[in-house]
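Engineer: Pasting a structure here, questions to come.
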Amino acid sequence: MAKKKILLVEDEEKLLANLADKLQAEGYDVFSAADGEAGWELVQGDSFDLIVLDIMLPRLDGLSLCRMIRNDSRTADVPIIMLTARGTEVDKIVGLESGADDYVVKPFGLGEFLARVRVQMRRPLMDRGLQQDELISGDLRLDLTGRRVFKDEEEVKLTNKEFDLLTVFMRNVKAVLSRDLILTNVWGYDYYPMDKRTVDVHIRWLREKIEENPSSPKRISTVRGVGYRFEG
Ligand code: CA
């Protein structure tokens with residue numbers, strides 16, 4: 001049987017070497033990159049059974065890289081484990097659709113890391129993350145592959161950001177999403193912190209397109225002092 005291929009993207013040389021050694025000893029074929037862009041090049045040129053991404057990376061951060069991998073149909077299903085240094089980063093991974101399947105907080109033991117790698121290697125494709133072709137809520141239908149939105153089967157034209165925003169909402173029905181969480185997941189880690197009113201402005205535009213009566217919204221409610229909630 002061919003060895004399973006793992007890609008490690010980590011800029012801490014010692015950690016990278018350690019992880020690579022351990023994984024090789026476990027029988028995996030290990031590839032590595034020391035920055036996000038080099039990682040992306042490898043992702044595009046090869047196929048991997050698992051990708052391990054550090055969040056803080058030079059040139060292209062791990063969360064952006066994670067999203068790029070998820071948005072490419074050739075790599076959308078590859079399991080991803082994120083490595084994170086701080087608690088605040090954990091929020092960004094688990095809070096919403098970063099697309100990662102699991103994460104490990106530094107400093108971690110190699111035993112724990114290997115256990116998580118094994119779990120991801122065992123998971124059947126069907127069961128993985130948030131890979132769906134469409135999201136449906138009432139008369140709204142999101143075609144995730146074609147990036148189109150239909151209301152009562154009539155297409156609603158959304159901008160890229162409005163589409164991403166609606167996707168985040170429809171994947172988190174009834175959850176209160178803070179502006180921070182929305183900013184991080186729709187605009188990306190790179191642009192954070194950006195002016196939070198940006199979120200309000202885009203919500204207003206989105207409401208004009210999907211609400212029956214935008215001045216008294218039923219789908220996207222404002223949760224005062226906190227953020228927004230998609231009601232379904
Ligand atoms: Ca790092």
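Ordered as shown in the structure tokens, chains take letters A, B, and onward, while each chain numbers its residues from 1 and ligands are numbered from 1 in the order shown.
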Could you list, with a cut-off of 8 Å and counting only C-alpha atoms and all ligand atoms, the residues of chain A near ligand 1, each shown with its nearest atom pair and the distance in Å rounded to one decimal, rows sorted by chain and ascending number, as a Markdown table?
Structural biologist:
```
| residue | atom | partner | partner_atom_place_in_ligand_line | distance |
| --- | --- | --- | --- | --- |
| A:Glu10 | CA | ligand 1 | 1 (Ca) | 5.8 |
| A:Asp11 | CA | ligand 1 | 1 (Ca) | 5.1 |
| A:Glu12 | CA | ligand 1 | 1 (Ca) | 5.9 |
| A:Asp54 | CA | ligand 1 | 1 (Ca) | 5.6 |
| A:Ile55 | CA | ligand 1 | 1 (Ca) | 6.3 |
| A:Met56 | CA | ligand 1 | 1 (Ca) | 4.2 |
| A:Leu57 | CA | ligand 1 | 1 (Ca) | 4.8 |
| A:Pro58 | CA | ligand 1 | 1 (Ca) | 7.6 |
| A:Ala85 | CA | ligand 1 | 1 (Ca) | 8.0 |
```
Engineer: Those same residues, written as a PDB file, in the first residue's frame with C-alpha atoms?
Structural biologist:
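Final output, saved to out_26.pdb:
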```
ATOM      1  CA  GLU A  10       5.213  25.417  10.020  1.00  0.00           C
ATOM      2  CA  ASP A  11       7.856  28.136  10.273  1.00  0.00           C
ATOM      3  CA  GLU A  12       9.418  26.996  13.563  1.00  0.00           C
ATOM      4  CA  ASP A  54       0.402  26.536  11.724  1.00  0.00           C
ATOM      5  CA  ILE A  55      -1.698  29.709  12.055  1.00  0.00           C
ATOM      6  CA  MET A  56       1.043  32.310  12.322  1.00  0.00           C
ATOM      7  CA  LEU A  57       3.083  31.843   9.178  1.00  0.00           C
ATOM      8  CA  PRO A  58       5.182  34.218   7.113  1.00  0.00           C
ATOM      9  CA  ALA A  85      -0.238  29.251  19.841  1.00  0.00           C
TER      10      ALA A  85
END
```
Engineer: List as a PyMOL selection string the protein and nucleic acid residues near A:Asp61, meaning an atom at most 12 Å away when only C-alpha atoms are counted, but skip any in the same chain fewer than 4 places from it.
Structural biologist: chain A and resi 9-11+34-40+53-57+65-68+82-84+89+188-191
Engineer: Between A:Gly225, A:Gly146, A:Gly232, A:Pro214, which is the closest to A:Ser73 once you count only C-alpha atoms?
Structural biologist: A:Gly146
Engineer: From a backbone DSSP assignment, name each residue in stretch 128-172 of chain A labelled strand (DSSP E), as JSON, numbers by chain.
Structural biologist: {"A": [134, 135, 136, 137, 140, 141, 142, 143, 148, 149, 150, 151, 154, 155, 156]}
Engineer: Take the residues that were just selected and, keeping all heavy atoms, output them as a short mmCIF file (atom, residue, chain, number, x, y, z; two decimals), in the first residue's frame.
Structural biologist:
```
data_model
loop_
_atom_site.label_atom_id
_atom_site.label_comp_id
_atom_site.auth_asym_id
_atom_site.auth_seq_id
_atom_site.Cartn_x
_atom_site.Cartn_y
_atom_site.Cartn_z
N GLU A 134 -24.93 22.43 -1.03
CA GLU A 134 -25.86 23.53 -0.88
C GLU A 134 -26.39 23.64 0.54
O GLU A 134 -26.37 22.69 1.31
CB GLU A 134 -27.00 23.42 -1.88
CG GLU A 134 -27.76 22.13 -1.86
CD GLU A 134 -28.89 22.10 -2.89
OE1 GLU A 134 -28.81 22.81 -3.92
OE2 GLU A 134 -29.86 21.37 -2.66
N LEU A 135 -26.82 24.84 0.87
CA LEU A 135 -27.43 25.11 2.17
C LEU A 135 -28.84 25.61 1.88
O LEU A 135 -29.04 26.44 1.00
CB LEU A 135 -26.64 26.19 2.92
CG LEU A 135 -25.19 25.87 3.27
CD1 LEU A 135 -24.50 27.12 3.80
CD2 LEU A 135 -25.12 24.77 4.32
N ILE A 136 -29.81 25.09 2.64
CA ILE A 136 -31.19 25.49 2.41
C ILE A 136 -31.81 25.97 3.71
O ILE A 136 -31.61 25.38 4.77
CB ILE A 136 -32.01 24.30 1.85
CG1 ILE A 136 -31.46 23.91 0.47
CG2 ILE A 136 -33.50 24.64 1.76
CD1 ILE A 136 -31.99 22.63 -0.09
N SER A 137 -32.53 27.07 3.62
CA SER A 137 -33.24 27.58 4.79
C SER A 137 -34.50 28.29 4.29
O SER A 137 -34.41 29.31 3.61
CB SER A 137 -32.34 28.55 5.55
OG SER A 137 -33.04 29.12 6.61
N LEU A 140 -34.76 30.05 0.88
CA LEU A 140 -33.41 30.43 0.44
C LEU A 140 -32.59 29.19 0.15
O LEU A 140 -32.57 28.24 0.94
CB LEU A 140 -32.69 31.20 1.55
CG LEU A 140 -32.83 32.70 1.65
CD1 LEU A 140 -31.87 33.20 2.72
CD2 LEU A 140 -32.55 33.39 0.32
N ARG A 141 -31.90 29.21 -0.97
CA ARG A 141 -31.02 28.09 -1.29
C ARG A 141 -29.68 28.63 -1.75
O ARG A 141 -29.61 29.47 -2.65
CB ARG A 141 -31.63 27.22 -2.39
CG ARG A 141 -30.80 26.00 -2.74
CD ARG A 141 -31.58 25.03 -3.61
NE ARG A 141 -31.89 25.60 -4.93
CZ ARG A 141 -31.06 25.53 -5.97
NH1 ARG A 141 -29.90 24.94 -5.88
NH2 ARG A 141 -31.40 26.08 -7.14
N LEU A 142 -28.62 28.17 -1.11
CA LEU A 142 -27.26 28.59 -1.46
C LEU A 142 -26.58 27.46 -2.21
O LEU A 142 -26.43 26.36 -1.65
CB LEU A 142 -26.47 28.84 -0.18
CG LEU A 142 -25.90 30.23 0.00
CD1 LEU A 142 -27.00 31.08 0.60
CD2 LEU A 142 -24.72 30.19 0.92
N ASP A 143 -26.16 27.72 -3.43
CA ASP A 143 -25.39 26.74 -4.17
C ASP A 143 -23.92 27.07 -3.90
O ASP A 143 -23.38 28.05 -4.43
CB ASP A 143 -25.75 26.88 -5.66
CG ASP A 143 -24.78 26.14 -6.56
OD1 ASP A 143 -23.90 25.41 -6.06
OD2 ASP A 143 -24.91 26.29 -7.79
N ARG A 148 -24.01 30.65 -6.01
CA ARG A 148 -25.22 31.36 -6.41
C ARG A 148 -26.26 31.22 -5.32
O ARG A 148 -26.27 30.23 -4.58
CB ARG A 148 -25.76 30.79 -7.73
CG ARG A 148 -24.78 30.97 -8.88
CD ARG A 148 -25.20 30.17 -10.08
NE ARG A 148 -26.28 30.83 -10.82
CZ ARG A 148 -26.93 30.24 -11.82
NH1 ARG A 148 -26.63 29.02 -12.18
NH2 ARG A 148 -27.88 30.89 -12.46
N VAL A 149 -27.13 32.20 -5.25
CA VAL A 149 -28.19 32.18 -4.23
C VAL A 149 -29.54 32.28 -4.89
O VAL A 149 -29.72 33.06 -5.83
CB VAL A 149 -28.02 33.36 -3.25
CG1 VAL A 149 -29.14 33.36 -2.22
CG2 VAL A 149 -26.67 33.30 -2.57
N PHE A 150 -30.48 31.46 -4.42
CA PHE A 150 -31.82 31.49 -4.98
C PHE A 150 -32.83 31.73 -3.87
O PHE A 150 -32.73 31.16 -2.78
CB PHE A 150 -32.15 30.16 -5.67
CG PHE A 150 -31.21 29.86 -6.80
CD1 PHE A 150 -30.00 29.20 -6.56
CD2 PHE A 150 -31.50 30.27 -8.09
CE1 PHE A 150 -29.11 28.93 -7.60
CE2 PHE A 150 -30.61 30.01 -9.13
CZ PHE A 150 -29.41 29.34 -8.89
N LYS A 151 -33.79 32.61 -4.16
CA LYS A 151 -34.88 32.85 -3.22
C LYS A 151 -36.14 32.48 -3.96
O LYS A 151 -36.46 33.05 -4.99
CB LYS A 151 -34.89 34.34 -2.81
CG LYS A 151 -35.85 34.67 -1.70
CD LYS A 151 -35.56 36.09 -1.19
CE LYS A 151 -36.50 36.48 -0.07
NZ LYS A 151 -37.90 36.63 -0.49
N GLU A 154 -35.68 31.89 -7.51
CA GLU A 154 -35.23 32.98 -8.38
C GLU A 154 -33.87 33.43 -7.91
O GLU A 154 -33.66 33.62 -6.71
CB GLU A 154 -36.20 34.16 -8.29
CG GLU A 154 -37.39 33.93 -9.18
CD GLU A 154 -38.03 35.24 -9.62
OE1 GLU A 154 -37.31 36.26 -9.73
OE2 GLU A 154 -39.24 35.20 -9.83
N GLU A 155 -32.96 33.60 -8.84
CA GLU A 155 -31.61 33.94 -8.42
C GLU A 155 -31.54 35.35 -7.82
O GLU A 155 -32.12 36.30 -8.35
CB GLU A 155 -30.63 33.83 -9.59
CG GLU A 155 -29.21 34.15 -9.14
CD GLU A 155 -28.13 33.62 -10.07
OE1 GLU A 155 -28.45 33.21 -11.21
OE2 GLU A 155 -26.96 33.63 -9.64
N VAL A 156 -30.82 35.45 -6.71
CA VAL A 156 -30.56 36.74 -6.08
C VAL A 156 -29.09 37.04 -6.31
O VAL A 156 -28.23 36.22 -5.99
CB VAL A 156 -30.80 36.67 -4.54
CG1 VAL A 156 -30.59 38.02 -3.90
CG2 VAL A 156 -32.18 36.12 -4.23
#
```
Engineer: Rounded to one decimal, what separation in Å do you get between atom CA of A:Ala100 and atom CA of A:Leu181?
Structural biologist: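 For atom CA of A:Ala100 relative to atom CA of A:Leu181, the distance reads 15.6 Å.
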